[in-house]
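**Student:** To be precise about what I am sending: the file is called run15.csv and holds CSV, C-alpha atoms.
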chain,number,residue,atom,x,y,z
A,248,MET,CA,-9.5,-21.2,-25.6
A,249,ASN,CA,-6.6,-21.4,-23.2
A,250,LYS,CA,-6.2,-17.8,-22.4
A,251,SER,CA,-3.6,-18.0,-19.7
A,252,GLN,CA,-1.0,-20.0,-21.7
A,253,ARG,CA,-0.7,-17.5,-24.5
A,254,PRO,CA,2.3,-15.2,-24.6
A,255,LEU,CA,1.7,-11.6,-23.6
A,256,SER,CA,2.4,-8.5,-25.7
A,257,PRO,CA,4.9,-6.7,-25.9
A,258,HIS,CA,7.1,-9.9,-26.2
A,259,LEU,CA,10.1,-8.3,-24.5
A,260,GLN,CA,12.2,-11.4,-25.1
A,261,VAL,CA,12.3,-10.9,-28.9
A,262,TYR,CA,13.7,-7.4,-28.8
A,263,LYS,CA,17.3,-6.4,-28.5
A,264,PRO,CA,17.8,-4.3,-25.4
A,265,GLN,CA,18.1,-0.6,-26.3
A,266,LEU,CA,18.8,2.5,-24.3
A,267,THR,CA,15.2,3.7,-24.8
A,268,SER,CA,13.4,0.6,-23.7
A,269,MET,CA,15.9,-0.1,-20.8
A,270,MET,CA,15.5,3.5,-19.5
A,271,SER,CA,11.7,3.1,-19.7
A,272,ILE,CA,11.7,-0.1,-17.6
A,273,VAL,CA,14.2,1.3,-15.2
A,274,HIS,CA,11.9,4.3,-14.7
A,275,ARG,CA,9.2,1.8,-13.6
A,276,ILE,CA,11.5,-0.2,-11.4
A,277,THR,CA,12.9,2.9,-9.7
A,278,GLY,CA,9.3,4.1,-9.2
A,279,LEU,CA,8.4,0.9,-7.4
A,280,PHE,CA,11.6,0.9,-5.4
A,281,LEU,CA,10.9,4.5,-4.3
A,282,SER,CA,7.4,3.6,-3.3
A,283,PHE,CA,8.9,1.0,-1.0
A,284,GLY,CA,11.4,3.6,0.2
A,285,LEU,CA,8.7,6.0,1.1
A,286,VAL,CA,7.0,3.4,3.3
A,287,VAL,CA,10.3,3.1,5.2
A,288,PHE,CA,10.7,6.9,5.3
A,289,VAL,CA,7.1,7.3,6.8
A,290,TYR,CA,7.8,4.5,9.3
A,291,TRP,CA,11.0,6.4,10.4
A,292,LEU,CA,9.0,9.7,10.7
A,293,TYR,CA,6.4,7.9,12.8
A,294,ARG,CA,9.1,6.5,15.0
A,295,LEU,CA,10.8,9.9,15.4
A,296,ALA,CA,7.5,11.1,16.9
A,297,THR,CA,6.7,8.1,19.0
A,298,ASP,CA,9.8,6.2,19.9
A,299,VAL,CA,13.2,7.9,19.5
A,300,LEU,CA,15.1,4.7,20.4
A,301,ILE,CA,13.6,2.8,17.5
A,302,ALA,CA,14.1,5.8,15.2
A,303,ASN,CA,17.8,5.8,16.1
A,304,GLU,CA,17.9,2.0,15.5
A,305,VAL,CA,16.6,2.6,12.0
A,306,MET,CA,19.3,5.3,11.4
A,307,ASP,CA,21.9,3.0,12.8
A,308,PHE,CA,20.9,0.3,10.2
A,309,PHE,CA,21.4,2.9,7.4
A,310,GLN,CA,25.0,3.5,8.7
A,311,THR,CA,26.0,-0.2,8.2
A,312,GLY,CA,27.4,-1.4,4.9
A,313,LEU,CA,24.2,-3.0,3.7
A,314,GLY,CA,22.0,-0.1,4.9
A,315,CYS,CA,24.3,2.6,3.4
A,316,THR,CA,24.4,0.8,0.1
A,317,LEU,CA,20.6,0.5,0.1
A,318,LEU,CA,20.4,4.2,1.0
A,319,TYR,CA,22.5,5.2,-2.0
A,320,VAL,CA,20.6,3.0,-4.3
A,321,TRP,CA,17.6,4.9,-3.1
A,322,VAL,CA,19.3,8.2,-3.7
A,323,PHE,CA,20.2,7.2,-7.2
A,324,ALA,CA,16.7,5.8,-7.9
A,325,PHE,CA,15.3,9.1,-6.7
A,326,ALA,CA,17.7,11.2,-8.8
A,327,TYR,CA,17.1,9.0,-11.9
A,328,HIS,CA,13.3,8.9,-11.5
A,329,LEU,CA,13.3,12.7,-11.0
A,330,CYS,CA,15.5,13.5,-14.1
A,331,ASN,CA,13.7,11.0,-16.3
A,332,GLY,CA,10.4,12.4,-15.1
A,333,ILE,CA,11.5,15.9,-16.3
A,334,ARG,CA,12.3,14.1,-19.6
A,335,HIS,CA,8.7,12.9,-19.6
A,336,PHE,CA,7.4,16.4,-19.1
A,337,PHE,CA,9.2,17.5,-22.3
A,338,TRP,CA,7.5,14.6,-24.2
A,339,ASP,CA,4.2,15.6,-22.6
A,340,VAL,CA,4.3,19.0,-24.2
A,341,GLY,CA,5.4,17.4,-27.5
A,342,LYS,CA,9.1,18.1,-27.5
A,343,GLY,CA,12.2,15.9,-28.0
A,344,TYR,CA,10.6,13.0,-29.9
A,345,SER,CA,13.3,12.7,-32.7
A,346,LEU,CA,15.5,9.7,-32.3
A,347,PRO,CA,18.8,11.6,-31.8
A,348,VAL,CA,17.2,13.9,-29.2
A,349,VAL,CA,15.7,10.9,-27.4
A,350,TYR,CA,19.1,9.3,-27.1
A,351,ARG,CA,20.8,12.6,-26.1
A,352,SER,CA,18.2,13.3,-23.4
A,353,GLY,CA,18.5,9.7,-22.2
A,354,TYR,CA,22.3,10.0,-21.7
A,355,LEU,CA,21.7,13.4,-20.1
A,356,VAL,CA,19.3,11.8,-17.6
A,357,ILE,CA,21.8,9.1,-16.6
A,358,LEU,CA,24.6,11.7,-16.3
A,359,SER,CA,22.4,14.1,-14.2
A,360,ALA,CA,21.3,11.3,-11.9
A,361,ALA,CA,24.9,10.3,-11.3
A,362,VAL,CA,25.9,13.9,-10.6
A,363,LEU,CA,23.0,14.4,-8.2
A,364,THR,CA,23.9,11.2,-6.4
A,365,ALA,CA,27.6,12.2,-6.2
A,366,LEU,CA,26.5,15.7,-4.8
A,367,VAL,CA,24.5,14.0,-2.0
A,368,TYR,CA,27.4,11.7,-1.3
A,369,PHE,CA,30.0,14.5,-1.0
A,370,LEU,CA,27.5,16.8,0.9
A,371,SER,CA,27.0,14.1,3.5
A,372,ARG,CA,30.7,13.4,4.1
B,161,MET,CA,-17.7,16.2,-37.4
B,162,ASN,CA,-18.2,16.5,-33.7
B,163,GLN,CA,-19.6,20.0,-32.8
B,164,GLN,CA,-18.6,19.9,-29.2
B,165,THR,CA,-15.3,21.4,-28.5
B,166,ASN,CA,-14.7,19.5,-25.2
B,167,ASN,CA,-15.2,16.0,-26.7
B,168,TYR,CA,-12.8,14.7,-29.3
B,169,GLN,CA,-14.6,11.4,-29.9
B,170,SER,CA,-16.3,10.8,-33.2
B,171,ASP,CA,-20.1,10.4,-33.2
B,172,MET,CA,-19.7,6.7,-34.1
B,173,ALA,CA,-17.3,6.1,-31.3
B,174,LYS,CA,-19.7,7.7,-28.9
B,175,VAL,CA,-22.6,5.6,-30.0
B,176,LYS,CA,-20.6,2.4,-29.8
B,177,GLY,CA,-19.3,3.5,-26.4
B,178,LEU,CA,-15.7,3.1,-27.5
B,179,GLY,CA,-12.6,4.6,-26.0
B,180,SER,CA,-12.2,6.6,-22.8
B,181,SER,CA,-13.8,5.4,-19.6
B,182,LYS,CA,-13.9,9.2,-18.7
B,183,SER,CA,-11.6,8.8,-15.8
B,184,GLY,CA,-8.1,8.2,-17.3
B,185,PHE,CA,-7.2,11.8,-17.9
B,186,GLY,CA,-7.6,12.6,-14.2
B,187,HIS,CA,-5.1,9.9,-13.3
B,188,TRP,CA,-2.6,11.1,-15.9
B,189,TRP,CA,-3.0,14.7,-14.9
B,190,MET,CA,-2.7,14.1,-11.1
B,191,GLN,CA,0.4,12.0,-11.7
B,192,ARG,CA,2.0,15.0,-13.4
B,193,MET,CA,0.7,17.5,-10.8
B,194,SER,CA,2.1,15.4,-7.9
B,195,ALA,CA,5.4,15.0,-9.8
B,196,ILE,CA,5.7,18.9,-10.0
B,197,VAL,CA,5.2,19.0,-6.2
B,198,LEU,CA,7.7,16.2,-5.6
B,199,ILE,CA,10.6,17.7,-7.5
B,200,PRO,CA,11.2,20.7,-5.2
B,201,CYS,CA,10.0,19.1,-2.0
B,202,GLY,CA,11.9,15.8,-2.6
B,203,LEU,CA,15.2,17.7,-3.4
B,204,TYR,CA,14.7,19.9,-0.3
B,205,VAL,CA,14.2,17.0,2.0
B,206,LEU,CA,17.1,15.0,0.4
B,207,PHE,CA,19.6,17.7,0.5
B,208,SER,CA,18.6,19.0,3.9
B,209,LEU,CA,19.1,15.5,5.4
B,210,ALA,CA,22.4,15.1,3.5
B,211,ALA,CA,23.7,18.4,4.9
B,212,PHE,CA,23.3,17.3,8.5
B,213,ASP,CA,26.6,17.5,10.5
B,214,VAL,CA,25.5,14.8,13.0
B,215,LEU,CA,22.6,12.6,11.8
B,216,ASN,CA,20.7,11.2,14.8
B,217,ALA,CA,17.0,11.2,15.8
B,218,GLN,CA,17.2,14.3,18.0
B,219,ALA,CA,18.9,16.4,15.3
B,220,VAL,CA,16.2,15.4,12.8
B,221,ILE,CA,13.5,16.2,15.3
B,222,ASN,CA,15.0,19.6,15.9
B,223,TRP,CA,15.1,20.2,12.2
B,224,LEU,CA,11.4,19.2,11.9
B,225,THR,CA,10.3,21.6,14.6
B,226,GLN,CA,10.9,24.4,12.1
B,227,PRO,CA,7.5,24.8,10.5
B,228,VAL,CA,8.8,25.2,7.0
B,229,ASN,CA,10.8,22.0,7.2
B,230,ALA,CA,7.8,20.1,8.6
B,231,ALA,CA,5.5,21.5,5.9
B,232,VAL,CA,7.8,20.6,3.1
B,233,THR,CA,8.4,17.1,4.5
B,234,LEU,CA,4.6,16.6,4.9
B,235,LEU,CA,4.0,17.8,1.3
B,236,PHE,CA,6.8,15.4,0.1
B,237,VAL,CA,5.2,12.4,1.9
B,238,LEU,CA,1.6,13.3,0.8
B,239,ALA,CA,2.5,13.9,-2.8
B,240,GLY,CA,4.8,11.0,-2.8
B,241,SER,CA,2.3,8.5,-1.4
B,242,TYR,CA,-0.3,9.7,-3.9
B,243,HIS,CA,2.2,9.6,-6.9
B,244,GLY,CA,3.4,6.2,-5.8
B,245,ALA,CA,-0.2,4.8,-5.5
B,246,LEU,CA,-1.0,6.2,-9.0
B,247,GLY,CA,2.2,4.6,-10.4
B,248,ILE,CA,1.6,1.2,-8.8
B,249,GLN,CA,-2.0,1.2,-10.2
B,250,VAL,CA,-0.6,1.5,-13.7
B,251,VAL,CA,1.9,-1.3,-13.1
B,252,LEU,CA,-0.9,-3.5,-11.7
B,253,GLU,CA,-3.1,-2.7,-14.7
B,254,ASP,CA,-0.3,-3.7,-17.0
B,255,TYR,CA,0.9,-6.9,-15.4
B,256,VAL,CA,-1.9,-8.4,-13.2
B,257,HIS,CA,-4.6,-9.7,-15.4
B,258,ASN,CA,-6.6,-11.6,-12.9
B,259,HIS,CA,-9.4,-9.2,-12.2
B,260,ALA,CA,-10.0,-10.3,-8.5
B,261,VAL,CA,-6.2,-10.1,-7.7
B,262,ASN,CA,-5.9,-6.8,-9.5
B,263,LEU,CA,-8.7,-5.2,-7.7
B,264,THR,CA,-7.5,-6.6,-4.3
B,265,LEU,CA,-4.0,-5.3,-4.9
B,266,ARG,CA,-5.3,-1.9,-6.0
B,267,ILE,CA,-7.5,-1.5,-2.9
B,268,LEU,CA,-4.5,-2.6,-0.7
B,269,THR,CA,-2.3,0.0,-2.5
B,270,GLN,CA,-4.9,2.8,-1.8
B,271,LEU,CA,-5.3,1.7,1.8
B,272,LEU,CA,-1.6,1.8,2.3
B,273,MET,CA,-1.5,5.2,0.8
B,274,ILE,CA,-4.1,6.5,3.3
B,275,VAL,CA,-2.2,4.9,6.2
B,276,MET,CA,1.0,6.5,5.1
B,277,MET,CA,-0.7,9.9,4.8
B,278,LEU,CA,-2.3,9.7,8.2
B,279,ALA,CA,0.9,8.4,9.9
B,280,SER,CA,3.0,11.2,8.5
B,281,ILE,CA,0.4,13.8,9.5
B,282,TYR,CA,0.3,12.3,13.0
B,283,ALA,CA,4.1,12.2,13.2
B,284,LEU,CA,4.7,15.7,12.1
B,285,ALA,CA,1.9,17.2,14.1
B,286,THR,CA,3.2,15.4,17.2
B,287,ILE,CA,6.8,16.7,16.6
B,288,LEU,CA,5.5,20.3,15.9
B,289,PHE,CA,2.8,20.6,18.6
B,290,GLY,CA,3.3,17.6,21.0
Represent the supplied structure as structure tokens.
**Tutor:**
Amino acid sequence: MNKSQRPLSPHLQVYKPQLTSMMSIVHRITGLFLSFGLVVFVYWLYRLATDVLIANEVMDFFQTGLGCTLLYVWVFAFAYHLCNGIRHFFWDVGKGYSLPVVYRSGYLVILSAAVLTALVYFLSR
Amino acid sequence: MNQQTNNYQSDMAKVKGLGSSKSGFGHWWMQRMSAIVLIPCGLYVLFSLAAFDVLNAQAVINWLTQPVNAAVTLLFVLAGSYHGALGIQVVLEDYVHNHAVNLTLRILTQLLMIVMMLASIYALATILFG
């Protein structure tokens, strides 16, 4: 039996992308991305305590075009993962499982995440 | 029918040893508990940093010398490291099917989590008391 060559469930390639499945995978991707972000955050905290010059260099990087873009992708990932996490809490207690509600809460999560990101953007101007 | 109220397995499932490995619920529960901690703490840290007039190292250090700010930041990093490690474990279980690689990556994830926790405790303690 050639186990390693067999296709793996859930055969993502045969399904049409839908809001529900896409939001689920984005929840995972943002989670992984935020884990990486927390490593950078902790490194920065450590450098604040041990070497202020390096801490300032880290902050200088996040003022550049690339750094700033990365920072706001992180802010959006945080906002999205937080809002969709709250959506998961409703599912955990058995609420919001009907298809129309799943779609409505999905759009609400995307809108809330965008609003939160915009709030951070305008607050930091 | 199962007479015990704290076990929902059927007798046959129990005899055959099917189902839960007895530790999955703890993972699920702690993921939720750490998430509940992360919502207020994460928002507090995010909006505090966003509201800085001048964002440089000294300004952040001054902010962190306020015990409340240091405590919330520490709670954010501790709960976040734990929540992240739990999440990465699920992703590894789903996508890494080689047992040796899976186990190695899971151990590395947990080690990284511990290093991050210790580094943040050291950093915040140094800023507060150093």
**Student:** Record the distance separating CA of Glu253 (chain B) and CA of Ile276 (chain A), expressed in Å with one decimal.
**Tutor:**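 Answer for the CA of Glu253 (chain B) to CA of Ile276 (chain A) separation: 15.2 Å.
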**Student:** Do a neighbour search on Ala239 (chain B) at 7 Å with only C-alpha atoms, toss out local chain neighbours closer than 6 positions, and write the hits as an MDAnalysis selection string.
**Tutor:** chainID B and resid 194 197:198
**Student:** Please produce an output containing C-alpha atoms for each residue in the selection, written as a PDB file, in the frame of the given file.
**Tutor:**
ATOM      1  CA  SER B 194       2.100  15.400  -7.900  1.00  0.00           C
ATOM      2  CA  VAL B 197       5.200  19.000  -6.200  1.00  0.00           C
ATOM      3  CA  LEU B 198       7.700  16.200  -5.600  1.00  0.00           C
TER       4      LEU B 198
END
**Student:** Based on only C-alpha atoms, which of the residues in chain A come within 9 Å of chain B? I want them as a PyMOL selection string.
**Tutor:** chain A and resi 275+278-279+281-283+285-286+288-290+292-297+299-300+302-303+306-307+322+325-326+329+332-333+336+366-372
**Student:** Enter the distance from CA of Leu363 (chain A) to CA of Leu318 (chain A), in Å, rounded to one decimal.
**Tutor:**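 Between CA of Leu363 (chain A) and CA of Leu318 (chain A) the gap works out to 14.0 Å.
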**Student:** CA of Phe280 (chain A) and CA of Gln260 (chain A) are how many Å apart?
**Tutor:**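 Distance reported for this atom pair: 23.2 Å.
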**Student:** Output as lines of an AutoDock Vina configuration file the centre and edge lengths (Å, one decimal) of the box along x, y and z of the file that holds every listed atom of region 222-232 of chain B after adding 5 Å on each side.
**Tutor:**
center_x = 10.3
center_y = 22.2
center_z = 9.5
size_x = 19.6
size_y = 16.0
size_z = 22.8
**Student:** For Tyr350 (chain A), which residue among A:Ser256, A:Ser268, A:Ile301, A:Tyr262 is the nearest when counting only C-alpha atoms?
**Tutor:**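 Of A:Ser256, A:Ser268, A:Ile301, A:Tyr262, the one nearest Tyr350 (chain A) is A:Ser268, counting only C-alpha atoms.
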**Student:** For Leu265 (chain B), find every residue with an atom within 10 Å (counting only C-alpha atoms), except residues of its own chain fewer than 6 positions away, and show them as a PyMOL selection string.
**Tutor:** chain B and resi 248-249+252+256+259+271
**Student:** Could you save those same residues with C-alpha atoms as a PDB file, in the frame of the given file?
**Tutor:**
ATOM      1  CA  ILE B 248       1.600   1.200  -8.800  1.00  0.00           C
ATOM      2  CA  GLN B 249      -2.000   1.200 -10.200  1.00  0.00           C
ATOM      3  CA  LEU B 252      -0.900  -3.500 -11.700  1.00  0.00           C
ATOM      4  CA  VAL B 256      -1.900  -8.400 -13.200  1.00  0.00           C
ATOM      5  CA  HIS B 259      -9.400  -9.200 -12.200  1.00  0.00           C
ATOM      6  CA  LEU B 271      -5.300   1.700   1.800  1.00  0.00           C
TER       7      LEU B 271
END
**Student:** Which neighbours of Thr267 (chain A) fall inside 9 Å, counting all atoms listed in the file, when residues of the same chain fewer than 2 positions from it are skipped, and could you give them as a ChimeraX atom specification?
**Tutor:** /A:264-265,269-272,349-350,353
